[in-house]
2 protein chains.
Amino acid sequence: MNSSSYQNLIQRSEEIALYSSTSALLGWDQETGIPKKGLNYRADQCAFLGGKAHQLFTDPLVGDWISSSEDEGSFTDSTELANLREWRWSYDRAVKLSTEFIEEAERIRSHAMSAWAESRKKNDFKIFSPHLEKIIKINQRKAESYGYSDHPYDALLEGYERGSRTEMINELFDGLKPALREIGEAAAHKSANSSSQALKGDFPINAQEKFNQEIAKSFGFDFDAGRIDEAVHPFCSGIAPGDTRLTTRYDANDFSSSLYGVLHEVGHGLYEQGLPVEKFATPSGKAVSLGIHESQSRLWENHVGRAPSFWKFWYPRAVHFFPSLQEITQEEIISSTLRSEPSFIRVEADEATYDLHIILRFEIEKDLISGDLKVAELPECWNAKFMEFFGLRVENDADGCLQDIHWSMGALGYFPTYTIGNLGAAQLYAKAIEDDPEISNQLNGGEYSKLLDWLRIKIHSKGSVLLPDDLIKDATGESLSESYHLKHLQSRYL
Amino acid sequence: MNSSSYQNLIQRSEEIALYSSTSALLGWDQETGIPKKGLNYRADQCAFLGGKAHQLFTDPLVGDWISSSEDEGSFTDSTELANLREWRWSYDRAVKLSTEFIEEAERIRSHAMSAWAESRKKNDFKIFSPHLEKIIKINQRKAESYGYSDHPYDALLEGYERGSRTEMINELFDGLKPALREIGEAAAHKSANSSSQALKGDFPINAQEKFNQEIAKSFGFDFDAGRIDEAVHPFCSGIAPGDTRLTTRYDANDFSSSLYGVLHEVGHGLYEQGLPVEKFATPSGKAVSLGIHESQSRLWENHVGRAPSFWKFWYPRAVHFFPSLQEITQEEIISSTLRSEPSFIRVEADEATYDLHIILRFEIEKDLISGDLKVAELPECWNAKFMEFFGLRVENDADGCLQDIHWSMGALGYFPTYTIGNLGAAQLYAKAIEDDPEISNQLNGGEYSKLLDWLRIKIHSKGSVLLPDDLIKDATGESLSESYHLKHLQSRYL
């Protein structure tokens, strides 16, 4: 049923979506093309639009509309119920922050992002550290405003992954750590004979673009509704209906860097392109959590893109685009893309070591938020943990605590969703293969429609109708578990 | 002096600028990169932001603030006086259109632009014609709302070129026509011996980009505050402080197409980058008219870029970027870039024939607005006039009445500003050379700082403090006149 309060909420959501989709374009442009001297004013624009959207949503009328829709109690449609559930949850959080706070946070974020880019480029932590201090402070204020029972980090984490708690992540990660170390050691041992230089060569960027596009298209990414650009940090932004944009970065000496970046972002992009477009402006039509989002990207990147079947099909095309690959056999490519060793950069880390990068960040950001760790101590703390986790000495902060964009974006509480995504990817992929044996046959022939269909039905089309854990249960018959991910890694590396 | 009403107007202007600069980015993105399926929602975003800006400016409070500032009568500062003059003029016009009208116009415009692009690509006027009908109708409604004494076209023209009237343009163009025809014939005769194929060859787009950038930089375009992208239609957008974007299009067989496109847009870009940044959000800080804008682009494109001195300096660099040019002498390049013959495409037309393209469009759009010409009759009318003006038979509408983006943007009344710009370019350039003889010496050595300084002082830094004709008088000592432009063309072509 559709009460007038509910209709008012829909209309308000549509107006807010006009602001937030425009903000998304400003954000994309800031990462891909804005001239340096335009950054200051861009910060004002972002603050302004962010403030407008916040103001519209925290309008007391919105609270009244939600309450009166709830009081009616006559909603039975799952979409309507999900919209109400999400409006309630978001509204109760949003009203805890003033518009001035949102505008201030936006402005801090915009400036911090450009300072971070410069800081990383110049390998000079001092450029970024005053901005990071502001970011931590405003996140602490945010956590206090939202409220929490155990740990201030809970209040932030919940914003990225509904239903998650610091204590749950602590337990999950404590359980994963020893298993991951064992896998990591075995994987490094197994990789000792394959050369890290096997995939190095001369790979014109133009040819990389074409090869990546051909694969992205075959996965099902719709280039009439999306594009791929170059940026310092790879990301996917679902800007608006029919407009999903990915970025990657190119290394002219290693095509696998941009390729696997694209496969990952295409996974995100397929999710965005598969959301129910008619519900775009309302909560039920949005991606439900970052963990679910990451399950999509990791599934296409690792379960599809690093499987031997992938290269069995794509090897001849790769040789077509990069003639120098003729000197390398198909088997050498497969073992190179599965190669594992401790390394510095998270986004380039192999599957066997990736989650350790996440656990390290989680331990650090939790302490930054609680105040147990000061920003000034960050590089030292990072480097010490890095030695402990990976046995590597970090020589420069650009390859250490400055490597990720997240903190500059003010996104604390985001990192654990990467490992949650890895668990989801393995669990969903295992179930898909089991549900439809045709999927495996297709993969061998470089076709992906049946796998995509399964994901469209089980995940993409659902938007936020189900909360993350319910969505996983609905798709796979059980709650999210680490067992599929560990089994996958063990079968690949032990 | 600064009354509180005046301060309120400043603040309101700043808020409106946040909307309009964001709209400018949406517009730029729509021309350079938006995926096809994103166009529908983009139309909604543009309508929404355009409506917001209009609403803020037509708020009755704004009218009160303007009136009470005027009543105080105590402003003496030229910037403040110009702001008041412009607010008054714009407000009186803006309140004549409702927010619903603006939103409708924005939506029509967005859809018409994408239909035009498709129509032109497929050379099918029928795709565009229903949109053009809507565009004409909404412009007629606009003209009726604004009001006029002689011709509805006056009401539109005034929006692009303050102080211009249809009757003035009629007179100017009637006077120019015979002189231009004489010049055109002489120029074609003079060019008969130079081959139209001289500049054809193999010019990798990558090298064109680099060559164009090097010249743009030498002219003074600041790439930390701007960029150049590829688009179907070349344009310049001064999006925000520190963010001026140009576009061009590339022909791999003819480097001069993108080069002269860039020189032209750089002229616009230098004006935008030279406006007083601290006044960005207020009327006095904006470019004063399209005619003045075009005077800047034509000055750099034609008076600088097609002068023999230009190629005397840049020939060796051109050969460096395009080795195949070695087969052509410097003199051949000079005569090729000055080559004149009747041709179909305005943006590629040579100086000697360019203004005839404008006069043709003026005659047509005036009649479209008055209703004397129907949209369905447009192709036939265009082609008949084209035969009359140029002696050429238009074989397809893509090279005829579909070639320009302007009508799809709803911009009727815009075209005459191109010829006004040509007059201004010649008059300003002649005065600059006379004022500072060092300018000519610099040009021979590929340096442009003194010419740019002169334009910065006389034109760019003035923003809208002086109205167009006063600005020309202030810079050159006399009103805008056609004599400099004709003298320039005669000396080049007779």
# chains A, B, ... in the order shown; residues from 1 in each chain; ligands from 1
call {"tool": "interface_residues", "arguments": {"of": "chain A", "to": "chain B", "cutoff": "7 Å", "atoms": "only C-alpha atoms", "output": "number ranges by chain"}}
result
A: 18, 35-38, 41, 45, 224-227, 240-243
call {"tool": "select_by_dssp", "arguments": {"residues": "segment 258-438 of chain A", "states": "alpha helix (DSSP H)", "output": "compact mmCIF listing (two decimals) with N, CA and C atoms, in the first residue's frame"}}
result
# COMPACT_ATOMS: atom_id res chain seq x y z
N SER A 258 46.89 -3.46 -14.58
CA SER A 258 45.62 -2.82 -14.97
C SER A 258 44.54 -3.87 -15.22
N LEU A 259 44.93 -5.03 -15.75
CA LEU A 259 43.93 -6.06 -16.06
C LEU A 259 43.18 -6.50 -14.81
N TYR A 260 43.94 -6.90 -13.77
CA TYR A 260 43.25 -7.39 -12.57
C TYR A 260 42.54 -6.26 -11.83
N GLY A 261 43.08 -5.04 -11.97
CA GLY A 261 42.36 -3.88 -11.44
C GLY A 261 41.00 -3.75 -12.11
N VAL A 262 40.98 -3.90 -13.43
CA VAL A 262 39.73 -3.76 -14.17
C VAL A 262 38.77 -4.91 -13.83
N LEU A 263 39.30 -6.14 -13.78
CA LEU A 263 38.40 -7.27 -13.46
C LEU A 263 37.72 -7.04 -12.11
N HIS A 264 38.49 -6.52 -11.17
CA HIS A 264 37.95 -6.22 -9.85
C HIS A 264 36.85 -5.16 -9.94
N GLU A 265 37.18 -4.05 -10.57
CA GLU A 265 36.21 -2.95 -10.64
C GLU A 265 35.00 -3.32 -11.48
N VAL A 266 35.22 -4.15 -12.50
CA VAL A 266 34.07 -4.61 -13.30
C VAL A 266 33.10 -5.39 -12.42
N GLY A 267 33.64 -6.16 -11.47
CA GLY A 267 32.76 -6.87 -10.52
C GLY A 267 31.86 -5.89 -9.78
N HIS A 268 32.46 -4.80 -9.31
CA HIS A 268 31.64 -3.74 -8.67
C HIS A 268 30.65 -3.16 -9.68
N GLY A 269 31.17 -2.92 -10.89
CA GLY A 269 30.35 -2.26 -11.91
C GLY A 269 29.14 -3.10 -12.32
N LEU A 270 29.35 -4.42 -12.40
CA LEU A 270 28.22 -5.30 -12.76
C LEU A 270 27.13 -5.25 -11.69
N TYR A 271 27.55 -5.17 -10.44
CA TYR A 271 26.58 -5.03 -9.34
C TYR A 271 25.79 -3.73 -9.52
N GLU A 272 26.49 -2.63 -9.73
CA GLU A 272 25.81 -1.33 -9.90
C GLU A 272 24.88 -1.36 -11.11
N GLN A 273 25.37 -1.94 -12.21
CA GLN A 273 24.53 -1.96 -13.42
C GLN A 273 23.35 -2.93 -13.28
N GLY A 274 23.44 -3.87 -12.33
CA GLY A 274 22.37 -4.85 -12.15
C GLY A 274 21.35 -4.45 -11.08
N LEU A 290 29.11 -2.54 1.73
CA LEU A 290 30.40 -2.61 1.05
C LEU A 290 30.92 -4.03 1.00
N GLY A 291 30.60 -4.83 2.01
CA GLY A 291 31.05 -6.22 2.02
C GLY A 291 30.44 -6.99 0.86
N ILE A 292 29.14 -6.79 0.64
CA ILE A 292 28.48 -7.45 -0.49
C ILE A 292 29.07 -6.91 -1.80
N HIS A 293 29.31 -5.60 -1.83
CA HIS A 293 29.91 -5.02 -3.04
C HIS A 293 31.25 -5.70 -3.34
N GLU A 294 32.05 -5.84 -2.30
CA GLU A 294 33.38 -6.42 -2.49
C GLU A 294 33.29 -7.91 -2.83
N SER A 295 32.24 -8.57 -2.37
CA SER A 295 32.10 -9.99 -2.75
C SER A 295 31.97 -10.10 -4.27
N GLN A 296 31.34 -9.12 -4.90
CA GLN A 296 31.17 -9.14 -6.34
C GLN A 296 32.50 -8.89 -7.06
N SER A 297 33.25 -7.92 -6.59
CA SER A 297 34.51 -7.61 -7.26
C SER A 297 35.53 -8.74 -7.09
N ARG A 298 35.58 -9.31 -5.89
CA ARG A 298 36.56 -10.38 -5.66
C ARG A 298 36.17 -11.66 -6.40
N PRO A 308 42.52 -21.21 -13.82
CA PRO A 308 43.20 -21.65 -15.05
C PRO A 308 42.31 -21.55 -16.28
N SER A 309 40.99 -21.78 -16.10
CA SER A 309 40.08 -21.71 -17.27
C SER A 309 40.12 -20.33 -17.92
N PHE A 310 40.33 -19.29 -17.12
CA PHE A 310 40.36 -17.93 -17.66
C PHE A 310 41.46 -17.80 -18.70
N TRP A 311 42.67 -18.24 -18.33
CA TRP A 311 43.79 -18.08 -19.25
C TRP A 311 43.76 -19.07 -20.39
N LYS A 312 43.14 -20.23 -20.15
CA LYS A 312 43.00 -21.17 -21.26
C LYS A 312 42.24 -20.52 -22.39
N PHE A 313 41.22 -19.72 -22.03
CA PHE A 313 40.47 -19.05 -23.08
C PHE A 313 41.16 -17.77 -23.58
N TRP A 314 41.66 -16.95 -22.67
CA TRP A 314 42.12 -15.61 -23.04
C TRP A 314 43.57 -15.54 -23.51
N TYR A 315 44.32 -16.60 -23.34
CA TYR A 315 45.74 -16.55 -23.73
C TYR A 315 45.95 -16.13 -25.19
N PRO A 316 45.21 -16.74 -26.14
CA PRO A 316 45.43 -16.33 -27.55
C PRO A 316 45.10 -14.85 -27.78
N ARG A 317 44.06 -14.34 -27.12
CA ARG A 317 43.72 -12.93 -27.28
C ARG A 317 44.81 -12.04 -26.67
N ALA A 318 45.35 -12.48 -25.55
CA ALA A 318 46.41 -11.71 -24.89
C ALA A 318 47.62 -11.63 -25.82
N VAL A 319 47.95 -12.75 -26.45
CA VAL A 319 49.09 -12.77 -27.39
C VAL A 319 48.81 -11.85 -28.58
N HIS A 320 47.55 -11.83 -29.01
CA HIS A 320 47.15 -10.94 -30.11
C HIS A 320 47.44 -9.48 -29.74
N PHE A 321 47.07 -9.09 -28.53
CA PHE A 321 47.26 -7.70 -28.12
C PHE A 321 48.71 -7.41 -27.73
N GLN A 330 51.15 -20.47 -21.80
CA GLN A 330 49.91 -20.29 -21.07
C GLN A 330 50.08 -20.69 -19.60
N GLU A 331 50.78 -21.78 -19.38
CA GLU A 331 50.97 -22.27 -18.00
C GLU A 331 51.79 -21.27 -17.17
N GLU A 332 52.75 -20.65 -17.85
CA GLU A 332 53.56 -19.66 -17.12
C GLU A 332 52.72 -18.46 -16.70
N ILE A 333 51.80 -18.05 -17.58
CA ILE A 333 50.92 -16.93 -17.21
C ILE A 333 50.07 -17.33 -16.02
N ILE A 334 49.48 -18.52 -16.10
CA ILE A 334 48.62 -18.97 -15.00
C ILE A 334 49.40 -18.97 -13.69
N SER A 335 50.59 -19.55 -13.70
CA SER A 335 51.30 -19.62 -12.42
C SER A 335 51.78 -18.23 -11.99
N SER A 336 52.03 -17.33 -12.96
CA SER A 336 52.43 -15.97 -12.57
C SER A 336 51.29 -15.22 -11.91
N THR A 337 50.08 -15.38 -12.45
CA THR A 337 48.97 -14.63 -11.86
C THR A 337 48.53 -15.24 -10.53
N GLU A 351 46.05 -13.08 -3.55
CA GLU A 351 44.96 -13.57 -2.71
C GLU A 351 45.41 -14.16 -1.39
N ALA A 352 46.57 -14.84 -1.42
CA ALA A 352 46.98 -15.58 -0.23
C ALA A 352 47.41 -14.64 0.89
N THR A 353 47.87 -13.45 0.53
CA THR A 353 48.36 -12.52 1.56
C THR A 353 47.42 -11.34 1.78
N TYR A 354 46.44 -11.20 0.91
CA TYR A 354 45.61 -9.98 0.91
C TYR A 354 44.96 -9.68 2.26
N ASP A 355 44.36 -10.69 2.85
CA ASP A 355 43.60 -10.42 4.07
C ASP A 355 44.48 -9.96 5.23
N LEU A 356 45.74 -10.35 5.21
CA LEU A 356 46.65 -9.86 6.26
C LEU A 356 46.81 -8.34 6.17
N HIS A 357 46.80 -7.81 4.94
CA HIS A 357 46.84 -6.35 4.78
C HIS A 357 45.63 -5.69 5.43
N ILE A 358 44.50 -6.35 5.32
CA ILE A 358 43.26 -5.80 5.88
C ILE A 358 43.31 -5.85 7.41
N ILE A 359 43.74 -6.99 7.93
CA ILE A 359 43.78 -7.15 9.39
C ILE A 359 44.70 -6.08 9.99
N LEU A 360 45.83 -5.85 9.34
CA LEU A 360 46.77 -4.82 9.80
C LEU A 360 46.07 -3.45 9.88
N ARG A 361 45.35 -3.10 8.81
CA ARG A 361 44.68 -1.79 8.79
C ARG A 361 43.59 -1.70 9.86
N PHE A 362 42.85 -2.79 10.01
CA PHE A 362 41.79 -2.82 11.03
C PHE A 362 42.37 -2.56 12.41
N GLU A 363 43.46 -3.26 12.74
CA GLU A 363 44.07 -3.09 14.06
C GLU A 363 44.51 -1.65 14.29
N ILE A 364 45.03 -1.05 13.21
CA ILE A 364 45.53 0.33 13.33
C ILE A 364 44.39 1.34 13.44
N GLU A 365 43.41 1.24 12.59
CA GLU A 365 42.38 2.30 12.58
C GLU A 365 41.49 2.24 13.81
N LYS A 366 41.30 1.04 14.32
CA LYS A 366 40.57 0.87 15.58
C LYS A 366 41.25 1.68 16.68
N ASP A 367 42.58 1.59 16.70
CA ASP A 367 43.34 2.30 17.75
C ASP A 367 43.43 3.80 17.47
N LEU A 368 43.40 4.19 16.19
CA LEU A 368 43.38 5.63 15.88
C LEU A 368 42.07 6.24 16.40
N ILE A 369 40.98 5.53 16.23
CA ILE A 369 39.68 6.04 16.65
C ILE A 369 39.56 6.05 18.17
N SER A 370 40.07 5.03 18.82
CA SER A 370 39.97 5.00 20.28
C SER A 370 40.93 6.00 20.91
N LEU A 378 51.75 6.94 13.58
CA LEU A 378 51.24 6.01 12.58
C LEU A 378 52.32 5.33 11.74
N PRO A 379 53.24 6.10 11.13
CA PRO A 379 54.23 5.41 10.27
C PRO A 379 55.02 4.35 11.04
N GLU A 380 55.42 4.69 12.26
CA GLU A 380 56.22 3.75 13.04
C GLU A 380 55.41 2.49 13.37
N CYS A 381 54.18 2.70 13.79
CA CYS A 381 53.31 1.58 14.13
C CYS A 381 53.06 0.70 12.90
N TRP A 382 52.76 1.37 11.78
CA TRP A 382 52.52 0.63 10.52
C TRP A 382 53.73 -0.25 10.20
N ASN A 383 54.90 0.38 10.25
CA ASN A 383 56.10 -0.33 9.82
C ASN A 383 56.42 -1.51 10.74
N ALA A 384 56.18 -1.31 12.05
CA ALA A 384 56.43 -2.40 12.99
C ALA A 384 55.49 -3.57 12.73
N LYS A 385 54.22 -3.27 12.56
CA LYS A 385 53.24 -4.32 12.28
C LYS A 385 53.56 -5.01 10.95
N PHE A 386 54.03 -4.21 10.00
CA PHE A 386 54.32 -4.78 8.68
C PHE A 386 55.43 -5.82 8.77
N MET A 387 56.41 -5.48 9.60
CA MET A 387 57.51 -6.43 9.83
C MET A 387 56.96 -7.70 10.48
N GLU A 388 56.07 -7.51 11.46
CA GLU A 388 55.50 -8.65 12.17
C GLU A 388 54.64 -9.53 11.25
N PHE A 389 53.81 -8.89 10.44
CA PHE A 389 52.87 -9.65 9.59
C PHE A 389 53.55 -10.26 8.37
N PHE A 390 54.47 -9.48 7.76
CA PHE A 390 55.00 -9.90 6.46
C PHE A 390 56.50 -10.12 6.43
N PRO A 416 37.56 -3.47 6.95
CA PRO A 416 37.13 -4.86 7.20
C PRO A 416 36.19 -5.39 6.11
N THR A 417 35.50 -4.48 5.41
CA THR A 417 34.55 -4.96 4.39
C THR A 417 35.26 -5.68 3.25
N TYR A 418 36.56 -5.45 3.10
CA TYR A 418 37.29 -6.16 2.04
C TYR A 418 37.39 -7.65 2.36
N THR A 419 37.67 -7.96 3.61
CA THR A 419 37.77 -9.38 3.95
C THR A 419 36.39 -10.01 4.01
N ILE A 420 35.42 -9.26 4.52
CA ILE A 420 34.04 -9.75 4.47
C ILE A 420 33.67 -10.07 3.01
N GLY A 421 34.12 -9.22 2.10
CA GLY A 421 33.88 -9.45 0.68
C GLY A 421 34.56 -10.71 0.18
N ASN A 422 35.76 -10.97 0.63
CA ASN A 422 36.46 -12.20 0.22
C ASN A 422 35.70 -13.44 0.66
N LEU A 423 35.19 -13.40 1.90
CA LEU A 423 34.41 -14.55 2.38
C LEU A 423 33.16 -14.73 1.51
N GLY A 424 32.48 -13.61 1.24
CA GLY A 424 31.25 -13.66 0.44
C GLY A 424 31.52 -14.18 -0.97
N ALA A 425 32.61 -13.71 -1.57
CA ALA A 425 32.94 -14.12 -2.94
C ALA A 425 33.06 -15.64 -3.02
N ALA A 426 33.80 -16.22 -2.08
CA ALA A 426 34.03 -17.67 -2.11
C ALA A 426 32.73 -18.43 -1.89
N GLN A 427 31.94 -17.95 -0.93
CA GLN A 427 30.70 -18.66 -0.59
C GLN A 427 29.69 -18.58 -1.75
N LEU A 428 29.56 -17.40 -2.35
CA LEU A 428 28.63 -17.22 -3.46
C LEU A 428 29.08 -18.01 -4.69
N TYR A 429 30.37 -17.96 -4.97
CA TYR A 429 30.87 -18.65 -6.15
C TYR A 429 30.66 -20.16 -6.02
N ALA A 430 30.95 -20.69 -4.84
CA ALA A 430 30.77 -22.13 -4.62
C ALA A 430 29.30 -22.52 -4.84
N LYS A 431 28.40 -21.67 -4.33
CA LYS A 431 26.98 -21.98 -4.45
C LYS A 431 26.51 -21.87 -5.91
N ALA A 432 27.01 -20.86 -6.61
CA ALA A 432 26.61 -20.67 -8.01
C ALA A 432 26.98 -21.88 -8.85
N ILE A 433 28.23 -22.32 -8.68
CA ILE A 433 28.74 -23.50 -9.41
C ILE A 433 27.92 -24.74 -9.10
N GLU A 434 27.52 -24.84 -7.83
CA GLU A 434 26.73 -25.99 -7.42
C GLU A 434 25.32 -25.92 -8.01
N ASP A 435 24.73 -24.72 -7.98
CA ASP A 435 23.37 -24.54 -8.48
C ASP A 435 23.26 -24.79 -9.98
N GLU A 438 26.24 -25.69 -15.59
CA GLU A 438 26.56 -25.11 -16.89
C GLU A 438 27.56 -23.95 -16.76
call {"tool": "residues_around", "arguments": {"residues": "Ala179 of chain A", "least_positions_apart": "3", "cutoff": "12 Å", "atoms": "only C-alpha atoms", "output": "number ranges by chain"}}
result
A: 172-176, 182-186, 352-353, 355-356, 482-483, 485-487, 489-490, 494
call {"tool": "write_last_selection", "arguments": {"atoms": "N, CA and C atoms", "output": "PDB file, in the first residue's frame"}}
result
ATOM      1  N   LEU A 172      36.596 -12.804  14.186  1.00  0.00           N
ATOM      2  CA  LEU A 172      36.811 -13.339  12.837  1.00  0.00           C
ATOM      3  C   LEU A 172      38.292 -13.254  12.466  1.00  0.00           C
ATOM      4  N   PHE A 173      38.869 -12.093  12.682  1.00  0.00           N
ATOM      5  CA  PHE A 173      40.256 -11.883  12.273  1.00  0.00           C
ATOM      6  C   PHE A 173      41.223 -12.699  13.124  1.00  0.00           C
ATOM      7  N   ASP A 174      40.916 -12.829  14.424  1.00  0.00           N
ATOM      8  CA  ASP A 174      41.789 -13.652  15.280  1.00  0.00           C
ATOM      9  C   ASP A 174      41.771 -15.095  14.803  1.00  0.00           C
ATOM     10  N   GLY A 175      40.613 -15.538  14.337  1.00  0.00           N
ATOM     11  CA  GLY A 175      40.523 -16.898  13.826  1.00  0.00           C
ATOM     12  C   GLY A 175      41.233 -17.058  12.485  1.00  0.00           C
ATOM     13  N   LEU A 176      41.131 -16.020  11.648  1.00  0.00           N
ATOM     14  CA  LEU A 176      41.716 -16.105  10.301  1.00  0.00           C
ATOM     15  C   LEU A 176      43.243 -16.052  10.318  1.00  0.00           C
ATOM     16  N   GLU A 182      49.561 -19.601   7.632  1.00  0.00           N
ATOM     17  CA  GLU A 182      49.959 -20.932   7.128  1.00  0.00           C
ATOM     18  C   GLU A 182      49.830 -20.961   5.595  1.00  0.00           C
ATOM     19  N   ILE A 183      48.688 -20.457   5.118  1.00  0.00           N
ATOM     20  CA  ILE A 183      48.465 -20.423   3.663  1.00  0.00           C
ATOM     21  C   ILE A 183      49.518 -19.545   2.985  1.00  0.00           C
ATOM     22  N   GLY A 184      49.773 -18.379   3.585  1.00  0.00           N
ATOM     23  CA  GLY A 184      50.743 -17.452   3.009  1.00  0.00           C
ATOM     24  C   GLY A 184      52.117 -18.075   2.874  1.00  0.00           C
ATOM     25  N   GLU A 185      52.541 -18.794   3.908  1.00  0.00           N
ATOM     26  CA  GLU A 185      53.868 -19.425   3.854  1.00  0.00           C
ATOM     27  C   GLU A 185      53.920 -20.513   2.788  1.00  0.00           C
ATOM     28  N   ALA A 186      52.870 -21.329   2.763  1.00  0.00           N
ATOM     29  CA  ALA A 186      52.823 -22.399   1.754  1.00  0.00           C
ATOM     30  C   ALA A 186      52.807 -21.813   0.345  1.00  0.00           C
ATOM     31  N   ALA A 352      46.565 -14.838  -1.420  1.00  0.00           N
ATOM     32  CA  ALA A 352      46.984 -15.579  -0.230  1.00  0.00           C
ATOM     33  C   ALA A 352      47.408 -14.640   0.893  1.00  0.00           C
ATOM     34  N   THR A 353      47.869 -13.445   0.532  1.00  0.00           N
ATOM     35  CA  THR A 353      48.364 -12.519   1.564  1.00  0.00           C
ATOM     36  C   THR A 353      47.422 -11.336   1.776  1.00  0.00           C
ATOM     37  N   ASP A 355      44.365 -10.687   2.851  1.00  0.00           N
ATOM     38  CA  ASP A 355      43.597 -10.423   4.073  1.00  0.00           C
ATOM     39  C   ASP A 355      44.476  -9.959   5.231  1.00  0.00           C
ATOM     40  N   LEU A 356      45.745 -10.347   5.207  1.00  0.00           N
ATOM     41  CA  LEU A 356      46.646  -9.858   6.262  1.00  0.00           C
ATOM     42  C   LEU A 356      46.805  -8.340   6.172  1.00  0.00           C
ATOM     43  N   GLU A 482      33.720 -18.177   7.085  1.00  0.00           N
ATOM     44  CA  GLU A 482      35.069 -18.065   6.533  1.00  0.00           C
ATOM     45  C   GLU A 482      35.512 -19.362   5.851  1.00  0.00           C
ATOM     46  N   SER A 483      34.703 -20.430   6.013  1.00  0.00           N
ATOM     47  CA  SER A 483      35.197 -21.744   5.567  1.00  0.00           C
ATOM     48  C   SER A 483      35.385 -21.829   4.049  1.00  0.00           C
ATOM     49  N   HIS A 485      36.120 -19.406   1.934  1.00  0.00           N
ATOM     50  CA  HIS A 485      37.291 -18.640   1.530  1.00  0.00           C
ATOM     51  C   HIS A 485      38.573 -19.410   1.855  1.00  0.00           C
ATOM     52  N   LEU A 486      38.633 -19.969   3.060  1.00  0.00           N
ATOM     53  CA  LEU A 486      39.839 -20.715   3.433  1.00  0.00           C
ATOM     54  C   LEU A 486      39.993 -21.954   2.554  1.00  0.00           C
ATOM     55  N   LYS A 487      38.885 -22.621   2.302  1.00  0.00           N
ATOM     56  CA  LYS A 487      38.945 -23.815   1.449  1.00  0.00           C
ATOM     57  C   LYS A 487      39.465 -23.436   0.052  1.00  0.00           C
ATOM     58  N   LEU A 489      41.373 -20.870  -0.764  1.00  0.00           N
ATOM     59  CA  LEU A 489      42.801 -20.543  -0.717  1.00  0.00           C
ATOM     60  C   LEU A 489      43.637 -21.811  -0.539  1.00  0.00           C
ATOM     61  N   GLN A 490      43.136 -22.694   0.325  1.00  0.00           N
ATOM     62  CA  GLN A 490      43.890 -23.930   0.563  1.00  0.00           C
ATOM     63  C   GLN A 490      43.990 -24.755  -0.720  1.00  0.00           C
ATOM     64  N   LEU A 494      47.756 -24.719  -1.101  1.00  0.00           N
ATOM     65  CA  LEU A 494      48.427 -25.723  -0.249  1.00  0.00           C
ATOM     66  C   LEU A 494      48.843 -26.943  -1.066  1.00  0.00           C
TER      67      LEU A 494
END
call {"tool": "residues_around", "arguments": {"residues": "Leu97 of chain A", "least_positions_apart": "3", "cutoff": "12 Å", "atoms": "only C-alpha atoms", "output": "MDAnalysis selection string"}}
result
chainID A and resid 51 54:55 57:58 90:94 100:105 138:139 141:147
call {"tool": "atom_distance", "arguments": {"atom1": "atom CA of Met409 of chain A", "atom2": "atom CA of Ile228 of chain B"}}
result
27.5 Å
call {"tool": "atom_distance", "arguments": {"atom1": "atom CA of Leu84 of chain B", "atom2": "atom CA of His460 of chain B"}}
result
19.9 Å
call {"tool": "select_by_dssp", "arguments": {"residues": "segment 191-277 of chain B", "states": "strand (DSSP E)", "output": "list in words"}}
result
Gly226, Arg227, Ile228, Asp229, Glu230, Cys236, Ser237, Gly238, Ile239, Ala240, Asp243, Thr244, Arg245, Leu246, Thr247 and Thr248 of chain B
call {"tool": "closest_residue", "arguments": {"among": "A:Ser4, A:Ser191, A:Ser110, A:Ser69", "to": "Trp407 of chain A", "atoms": "only C-alpha atoms"}}
result
A:Ser110
